[in-house]
Structures are given as structure tokens and as C-alpha cells.
$ cat my_file.txt   # compact mmCIF, C-alpha atoms and all ligand atoms
# COMPACT_ATOMS: atom_id res chain seq x y z
CA MET A 760 0.61 -20.78 16.19
CA SER A 761 2.60 -17.57 16.19
CA THR A 762 2.69 -15.10 19.06
CA ILE A 763 0.74 -11.96 18.20
CA LEU A 764 1.05 -10.05 21.47
CA GLU A 765 3.68 -10.16 24.16
CA VAL A 766 3.36 -7.98 27.22
CA LYS A 767 6.43 -7.66 29.41
CA HIS A 768 6.67 -6.02 32.84
CA LEU A 769 3.86 -3.54 32.22
CA THR A 770 3.28 -1.02 35.02
CA LYS A 771 0.81 1.82 35.50
CA LYS A 772 0.26 4.21 38.39
CA PHE A 773 -2.41 6.83 38.98
CA ASP A 774 -0.65 9.18 41.42
CA ASP A 775 0.49 6.83 44.19
CA ASN A 776 -1.93 4.10 43.26
CA GLU A 777 -0.02 1.26 41.55
CA VAL A 778 -2.77 -0.12 39.37
CA LEU A 779 -0.68 -2.52 37.25
CA LYS A 780 2.36 -4.15 38.79
CA ASP A 781 4.76 -5.96 36.51
CA VAL A 782 2.14 -7.54 34.26
CA SER A 783 3.50 -10.05 31.73
CA PHE A 784 1.66 -12.45 29.44
CA GLU A 785 1.47 -13.51 25.83
CA LEU A 786 -1.19 -14.31 23.33
CA LYS A 787 -1.02 -16.42 20.20
CA LYS A 788 -2.79 -15.63 16.96
CA GLY A 789 -6.36 -16.91 17.06
CA GLU A 790 -6.51 -17.26 20.83
CA THR A 791 -9.15 -15.82 23.13
CA LEU A 792 -7.82 -14.64 26.47
CA ALA A 793 -10.27 -14.00 29.31
CA VAL A 794 -9.24 -11.54 32.02
CA ILE A 795 -11.07 -11.98 35.31
CA GLY A 796 -10.81 -10.28 38.69
CA SER A 797 -12.73 -8.19 41.18
CA SER A 798 -13.82 -4.60 40.71
CA GLY A 799 -10.87 -2.21 40.84
CA SER A 800 -8.27 -4.93 40.22
CA GLY A 801 -6.94 -3.19 37.08
CA LYS A 802 -8.64 -5.09 34.24
CA SER A 803 -9.88 -2.05 32.30
CA THR A 804 -6.60 -0.25 32.91
CA LEU A 805 -4.76 -3.21 31.41
CA LEU A 806 -6.83 -3.08 28.20
CA ARG A 807 -6.58 0.71 28.06
CA CYS A 808 -2.79 0.56 28.44
CA LEU A 809 -2.53 -1.96 25.60
CA ASN A 810 -3.99 0.41 23.03
CA HIS A 811 -2.77 3.61 24.72
CA LEU A 812 -6.16 4.96 25.76
CA SER A 813 -4.20 5.25 29.00
CA PRO A 814 -0.43 5.28 28.39
CA PRO A 815 1.54 2.74 30.47
CA ASP A 816 4.40 3.93 32.72
CA SER A 817 6.87 1.21 31.79
CA GLY A 818 7.18 -2.18 30.17
CA GLN A 819 6.97 -3.50 26.65
CA ILE A 820 3.98 -4.27 24.49
CA LEU A 821 5.13 -6.26 21.48
CA LEU A 822 2.53 -6.44 18.74
CA GLU A 823 3.74 -8.93 16.14
CA GLY A 824 7.23 -8.46 17.61
CA VAL A 825 7.26 -4.65 17.44
CA ASN A 826 7.32 -2.72 20.72
CA ILE A 827 4.43 -0.27 20.58
CA ASN A 828 5.14 1.24 23.97
CA THR A 829 7.44 3.93 22.63
CA PRO A 830 6.85 7.67 22.17
CA GLU A 831 7.24 7.32 18.38
CA ILE A 832 4.29 5.01 17.85
CA ASP A 833 1.37 6.08 15.70
CA ILE A 834 -1.45 5.86 18.23
CA ASN A 835 -4.19 5.87 15.61
CA SER A 836 -2.76 2.89 13.80
CA ILE A 837 -2.33 1.02 17.12
CA ARG A 838 -5.97 1.71 17.99
CA ALA A 839 -7.06 0.45 14.60
CA ASP A 840 -4.94 -2.69 14.99
CA MET A 841 -6.46 -3.34 18.41
CA GLY A 842 -10.20 -2.81 18.15
CA PHE A 843 -11.85 -1.81 21.43
CA VAL A 844 -15.37 -2.78 22.42
CA PHE A 845 -16.60 -0.75 25.40
CA GLN A 846 -19.07 -1.74 28.07
CA ASP A 847 -21.42 1.10 27.08
CA PHE A 848 -21.11 0.69 23.26
CA ASN A 849 -19.94 4.28 22.55
CA LEU A 850 -21.62 4.51 19.13
CA PHE A 851 -21.98 7.90 17.45
CA THR A 852 -25.61 8.80 18.17
CA HIS A 853 -25.93 11.19 15.20
CA LEU A 854 -24.75 8.63 12.64
CA ASN A 855 -26.78 5.68 11.40
CA ILE A 856 -25.53 2.11 11.75
CA LEU A 857 -23.87 1.98 8.34
CA GLU A 858 -22.15 5.33 8.94
CA ASN A 859 -20.99 4.24 12.39
CA VAL A 860 -19.30 1.15 10.98
CA MET A 861 -17.97 2.95 7.87
CA PHE A 862 -16.28 5.60 9.99
CA GLY A 863 -13.15 3.57 10.80
CA PRO A 864 -12.41 2.24 7.31
CA LEU A 865 -13.03 5.70 5.85
CA ARG A 866 -11.40 8.01 8.40
CA VAL A 867 -8.79 5.79 10.07
CA ARG A 868 -7.81 3.38 7.29
CA GLY A 869 -8.27 5.98 4.55
CA LEU A 870 -10.31 3.77 2.22
CA SER A 871 -12.68 5.09 -0.43
CA LYS A 872 -16.36 5.51 0.40
CA LYS A 873 -17.23 2.56 -1.82
CA GLN A 874 -14.70 0.25 -0.15
CA ALA A 875 -15.67 1.45 3.33
CA ARG A 876 -19.35 0.83 2.58
CA GLN A 877 -18.63 -2.69 1.33
CA ILE A 878 -16.56 -3.59 4.38
CA ALA A 879 -19.08 -2.05 6.77
CA ALA A 880 -22.02 -3.87 5.19
CA ALA A 881 -20.14 -7.19 5.36
CA GLU A 882 -19.32 -6.72 9.07
CA ILE A 883 -22.86 -5.60 9.89
CA LYS A 884 -24.09 -8.76 8.17
CA ARG A 885 -21.58 -10.85 10.11
CA VAL A 886 -23.12 -9.74 13.42
CA GLY A 887 -26.63 -10.41 12.09
CA MET A 888 -27.77 -6.78 11.86
CA ILE A 889 -28.07 -6.08 8.14
CA ASP A 890 -31.78 -5.25 8.43
CA LYS A 891 -30.91 -2.34 10.78
CA ILE A 892 -28.30 -0.75 8.54
CA ASP A 893 -30.28 2.53 8.18
CA SER A 894 -31.37 2.74 11.83
CA TYR A 895 -29.86 5.02 14.45
CA PRO A 896 -28.29 3.70 17.68
CA ALA A 897 -31.20 4.98 19.81
CA GLN A 898 -33.55 2.75 17.81
CA LEU A 899 -31.65 -0.42 18.76
CA SER A 900 -31.63 -2.54 21.91
CA GLY A 901 -28.47 -2.61 24.02
CA GLY A 902 -27.57 -6.05 22.66
CA GLN A 903 -28.01 -4.82 19.08
CA GLN A 904 -25.92 -1.71 19.78
CA GLN A 905 -23.17 -3.87 21.22
CA ARG A 906 -23.22 -6.12 18.12
CA ILE A 907 -22.81 -2.97 15.99
CA SER A 908 -19.96 -1.86 18.17
CA ILE A 909 -18.31 -5.24 17.49
CA ALA A 910 -18.92 -4.75 13.73
CA ARG A 911 -17.32 -1.31 14.02
CA ALA A 912 -14.19 -2.82 15.59
CA LEU A 913 -14.10 -5.61 12.96
CA ALA A 914 -14.40 -3.14 10.07
CA LEU A 915 -10.95 -1.80 10.94
CA LYS A 916 -9.55 -5.28 10.19
CA PRO A 917 -7.79 -5.33 13.55
CA LYS A 918 -5.06 -7.75 14.56
CA LEU A 919 -6.92 -8.33 17.79
CA ILE A 920 -9.99 -7.06 19.61
CA LEU A 921 -10.12 -5.89 23.21
CA PHE A 922 -13.51 -6.34 24.89
CA ASP A 923 -14.08 -4.56 28.22
CA GLU A 924 -17.03 -6.24 29.92
CA PRO A 925 -19.07 -6.13 26.71
CA THR A 926 -22.19 -7.59 28.30
CA SER A 927 -22.23 -6.07 31.76
CA ALA A 928 -24.51 -3.16 30.77
CA LEU A 929 -27.03 -5.56 29.24
CA ASP A 930 -30.10 -7.32 30.58
CA PRO A 931 -29.52 -11.07 30.90
CA GLU A 932 -31.71 -11.86 27.88
CA LEU A 933 -29.59 -9.58 25.67
CA THR A 934 -26.28 -10.92 26.95
CA GLY A 935 -26.65 -14.20 25.08
CA GLU A 936 -26.86 -12.63 21.61
CA VAL A 937 -23.62 -10.70 22.19
CA LEU A 938 -21.81 -13.72 23.64
CA SER A 939 -22.85 -15.82 20.66
CA VAL A 940 -21.39 -13.25 18.23
CA MET A 941 -18.16 -13.31 20.27
CA THR A 942 -18.14 -17.12 20.33
CA ALA A 943 -18.56 -17.22 16.54
CA LEU A 944 -15.65 -14.80 16.13
CA ALA A 945 -13.46 -16.93 18.38
CA ASN A 946 -14.36 -20.00 16.32
CA GLU A 947 -13.46 -18.12 13.13
CA GLY A 948 -9.97 -17.49 14.54
CA MET A 949 -10.24 -13.88 15.67
CA THR A 950 -7.72 -13.02 18.40
CA ALA A 951 -9.33 -11.40 21.42
CA ILE A 952 -8.80 -10.30 24.99
CA VAL A 953 -12.05 -10.27 26.92
CA VAL A 954 -12.51 -8.75 30.36
CA THR A 955 -15.57 -10.54 31.64
CA HIS A 956 -17.59 -11.68 34.60
CA GLU A 957 -19.25 -14.29 32.37
CA MET A 958 -17.50 -17.33 33.78
CA GLY A 959 -19.44 -19.72 31.52
CA PHE A 960 -18.05 -17.88 28.48
CA ALA A 961 -14.54 -17.80 29.95
CA ARG A 962 -14.66 -21.51 30.68
CA SER A 963 -16.10 -22.68 27.38
CA VAL A 964 -14.68 -20.19 24.84
CA ALA A 965 -11.40 -18.83 26.17
CA ASP A 966 -8.14 -20.64 25.45
CA LYS A 967 -6.46 -18.93 28.36
CA VAL A 968 -7.53 -17.04 31.45
CA ILE A 969 -5.72 -14.50 33.58
CA PHE A 970 -6.82 -13.79 37.14
CA ILE A 971 -5.73 -10.32 38.19
CA ASP A 972 -5.89 -9.02 41.76
CA GLN A 973 -4.72 -5.57 42.90
CA GLY A 974 -2.82 -5.09 39.66
CA LEU A 975 -0.96 -8.37 39.82
CA ILE A 976 -1.48 -11.46 37.72
CA VAL A 977 -2.03 -14.02 40.44
CA GLU A 978 -2.59 -16.96 38.14
CA GLN A 979 -2.88 -17.71 34.44
CA GLY A 980 -3.60 -20.84 32.50
CA GLU A 981 -6.21 -22.98 30.81
CA PRO A 982 -9.68 -22.04 32.05
CA LYS A 983 -10.92 -25.58 32.63
CA ILE A 984 -7.89 -26.35 34.78
CA MET A 985 -7.85 -23.04 36.66
CA PHE A 986 -11.58 -23.15 37.40
CA ALA A 987 -11.45 -26.77 38.58
CA THR A 988 -8.20 -26.55 40.54
CA PRO A 989 -7.09 -22.98 41.27
CA ARG A 990 -3.57 -22.97 42.67
CA HIS A 991 -3.83 -19.81 44.72
CA GLU A 992 -6.08 -19.01 47.64
CA ARG A 993 -7.03 -15.62 46.13
CA THR A 994 -8.15 -17.28 42.89
CA ARG A 995 -10.10 -19.86 44.86
CA LEU A 996 -11.87 -17.14 46.84
CA PHE A 997 -12.72 -15.10 43.74
CA LEU A 998 -14.08 -18.10 41.84
CA SER A 999 -16.10 -19.31 44.82
CA ASN A 1000 -18.36 -16.22 44.44
CA PHE A 1001 -19.37 -17.40 41.00
CA VAL A 1002 -19.90 -21.01 41.91
CA ARG A 1003 -22.49 -19.84 44.41
CA LEU A 1004 -24.17 -17.62 41.83
CA GLU A 1005 -24.27 -20.12 38.98
N1 LIG A 1101 -8.28 7.64 35.17
C1 LIG A 1101 -8.03 7.21 36.41
N2 LIG A 1101 -7.53 8.06 37.35
C2 LIG A 1101 -7.26 7.64 38.60
N3 LIG A 1101 -7.43 6.38 39.02
C3 LIG A 1101 -7.93 5.49 38.14
C4 LIG A 1101 -8.25 5.86 36.79
N4 LIG A 1101 -8.72 4.76 36.15
C5 LIG A 1101 -8.69 3.77 37.04
N5 LIG A 1101 -8.21 4.18 38.23
C6 LIG A 1101 -8.01 3.35 39.43
O1 LIG A 1101 -7.30 2.20 39.05
C7 LIG A 1101 -7.78 1.05 39.74
C8 LIG A 1101 -8.16 -0.03 38.73
O2 LIG A 1101 -9.26 0.43 37.99
P1 LIG A 1101 -9.84 -0.39 36.75
O3 LIG A 1101 -10.91 0.46 36.15
O4 LIG A 1101 -8.74 -0.81 35.88
O5 LIG A 1101 -10.46 -1.66 37.48
P2 LIG A 1101 -11.35 -2.84 36.89
O6 LIG A 1101 -10.69 -4.11 37.28
O7 LIG A 1101 -11.61 -2.62 35.45
O8 LIG A 1101 -12.71 -2.70 37.73
P3 LIG A 1101 -14.26 -2.97 37.29
O9 LIG A 1101 -14.46 -4.48 37.36
O10 LIG A 1101 -15.04 -2.27 38.35
O11 LIG A 1101 -14.45 -2.40 35.93
C9 LIG A 1101 -8.90 1.52 40.63
O12 LIG A 1101 -8.36 1.73 41.91
C10 LIG A 1101 -9.31 2.82 40.00
O13 LIG A 1101 -9.85 3.69 40.95
MG MG A 1102 -13.33 -2.22 34.34

$ encode --input "my_file.txt" --output "C-alpha cells"
Amino acid sequence: MSTILEVKHLTKKFDDNEVLKDVSFELKKGETLAVIGSSGSGKSTLLRCLNHLSPPDSGQILLEGVNINTPEIDINSIRADMGFVFQDFNLFTHLNILENVMFGPLRVRGLSKKQARQIAAAEIKRVGMIDKIDSYPAQLSGGQQQRISIARALALKPKLILFDEPTSALDPELTGEVLSVMTALANEGMTAIVVTHEMGFARSVADKVIFIDQGLIVEQGEPKIMFATPRHERTRLFLSNFVRLE
């Protein structure tokens, strides 16, 4: 499989706080990468640096071989190529579901209304929400809103999707429906980076996992191996919290 994303020596500071320290990793087309780590370790900052919601200080981000961490990049096209699914959904409250999902194809990709509607309807169907196409976000459960937010990212036909703790704002019974949509996408070959505390999902769906601590990648590898035999004490300590909870 070909490499879709290569991150080399990425750094990010907020004032004196070094939040990402020399972060390097790569992702192949079709892979799901899980990013795990404690609160404040830099996971969201990493995702936000990748699509320039928060510009990195230094390092390279090669998307299909092209460095996108340069001043000349077209930020809108990068954001369309890397869909972002936020913890708190971020849907437009004044637009209905169809309009929310049509927005990207229409406004960002510049498609016609007819094409945008077709794509949006197909993606809404893909996440199992076609019966809610005329509803407004406030009329949906959190799990349903998150599925629409995934459809919205998919409608941009991204090269990969970045998920930042997509289920952590949801009640446990709504988490499953979102994880099953994400699992189906992974099985269909979508490339994704998922920041998550759902260790079951990371273990069974991810191809690779990165453990980040204080802005450093402490360990990366195959989830089944890392979870069974972490090589570093810090990884062992972090994972032991979940073993007790599960
Ligand atoms: N916009 C910002 N301005 C200043 N500091 C920030 C900003 N965003 C994040 N930070 C700091 O960067 C560090 C990493 O934050 P980040 O949100 O990336 O952590 P995280 O791993 O996603 O945590 P959580 O699991 O709680 O979401 C923290 O110390 C945080 O306070
Ligand atoms: Mg975060």
C-alpha cells in the first residue's frame, strides 16, 4: 500500500509550552491510526496542526508526497482533503441535515447544487440517516449528530479523515452507533486518524497506534502488540488505567 501521509519532525509551541516535540510518523492509504494519550498530551494539537486549524511551528507534513506545511498552501483545499470530525459535532444549527452535508461539496469543492445534493444524500445514507435528511441538528441525538458530522466530512471526498475523540461527548449507549459507522468506513478502506479513549476500538479496528505523552511519541506500533506488551513504562502506566476500567 502506498504512503498517504508522512509527518516529519513536527513541532508546536504555545508561548513557552512545547506541545509537540519532534513528532514523526507515517500512514498508508486505507490504514486507521489510533492516537492515544492522557489529557493535555497534545493529541488534539497534533490533529489541528495536520490540517492547519493550528499552524505548526516547524516540520514537514507530506500529503501524497507534497509538503503542505508551507506558507503557499491553499488551506481550504487541505481542510477539504483532510476531513475533521470534532468531539462536539459542530454542525450548522440553522441548516437542515441535507444542507449541512451539501455545504462542503457546494461551497468548498464548487460543485453544482444538483451534484452536491446527490453526494450529500449518498453520504447521509451511508451513515444510516437518510430518514432524517430534512431534520435540524437540534432534533437529533448526539450520536445521530455525530454520524451527520461524519457524512459531512465524507461528502468532501477527503483523502483522509481526522477524528478528535468523536464519541467522548456521547452517552455510552450512543457511542456504539458512531463506532460502528467508523468501523464500517475502516473496512471500506477509508484512511483515518482517530484520537480516542476507546481502547476496544483502537485494539480491534486500528492498524497502528501511537501513544503520545507530553508532546512526544513514546511508542508506536500494532495495537495488539503494544497493548499486550508495551515496551515503555509510560505506555504501561497509561494502559493500566484502562485495563482496570474495562
Ligand atoms: N490554543 C491554545 N493556546 C494555548 N495553549 C494551548 C492551546 N491549545 C492547546 N494548548 C495546550 O497544549 C497542550 C496540549 O493540548 P491538547 O488539547 O492538544 O491536548 P489533548 O491531548 O488533546 O488533551 P485532551 O485529551 O484533554 O483533549 C495543553 O497543555 C494545552 O493547555
Ligand atoms: Mg483533545

$ residues_near_ligand --input "my_file.txt" --ligand "ligand LIG 1101 (chain A)" --cutoff "6 Å" --atoms "all atoms listed in the file" --output "PDB file with C-alpha atoms, keeping the file's coordinate frame"
ATOM      1  CA  PHE A 773      -2.410   6.830  38.980  1.00  0.00           C
ATOM      2  CA  VAL A 778      -2.770  -0.120  39.370  1.00  0.00           C
ATOM      3  CA  SER A 797     -12.730  -8.190  41.180  1.00  0.00           C
ATOM      4  CA  SER A 798     -13.820  -4.600  40.710  1.00  0.00           C
ATOM      5  CA  GLY A 799     -10.870  -2.210  40.840  1.00  0.00           C
ATOM      6  CA  SER A 800      -8.270  -4.930  40.220  1.00  0.00           C
ATOM      7  CA  GLY A 801      -6.940  -3.190  37.080  1.00  0.00           C
ATOM      8  CA  LYS A 802      -8.640  -5.090  34.240  1.00  0.00           C
ATOM      9  CA  SER A 803      -9.880  -2.050  32.300  1.00  0.00           C
ATOM     10  CA  THR A 804      -6.600  -0.250  32.910  1.00  0.00           C
TER      11      THR A 804
END

$ atom_distance --input "my_file.txt" --atom1 "atom CA of A:Lys788" --atom2 "atom CA of A:Ala912"
17.2 Å

$ residues_around --input "my_file.txt" --residues "A:Val886" --least-positions-apart "3" --cutoff "10 Å" --atoms "all atoms listed in the file" --output "list in words"
Ala881, Glu882, Ile883, Ile889, Gln903, Gln905, Arg906, Ile907, Ser908, Ile909, Ala910, Leu913, Glu936, Val937, Ser939, Val940, Met941, Ala943 and Leu944 of chain A

$ residues_around --input "my_file.txt" --residues "stretch 958-962 of chain A" --least-positions-apart "6" --cutoff "6 Å" --atoms "only C-alpha atoms" --output "PDB file with C-alpha atoms, in the coordinates of the input"
ATOM      1  CA  ALA A 793     -10.270 -14.000  29.310  1.00  0.00           C
ATOM      2  CA  PRO A 982      -9.680 -22.040  32.050  1.00  0.00           C
ATOM      3  CA  LYS A 983     -10.920 -25.580  32.630  1.00  0.00           C
TER       4      LYS A 983
END

$ atom_distance --input "my_file.txt" --atom1 "atom CA of A:Leu929" --atom2 "atom CA of A:Gly980"
28.2 Å
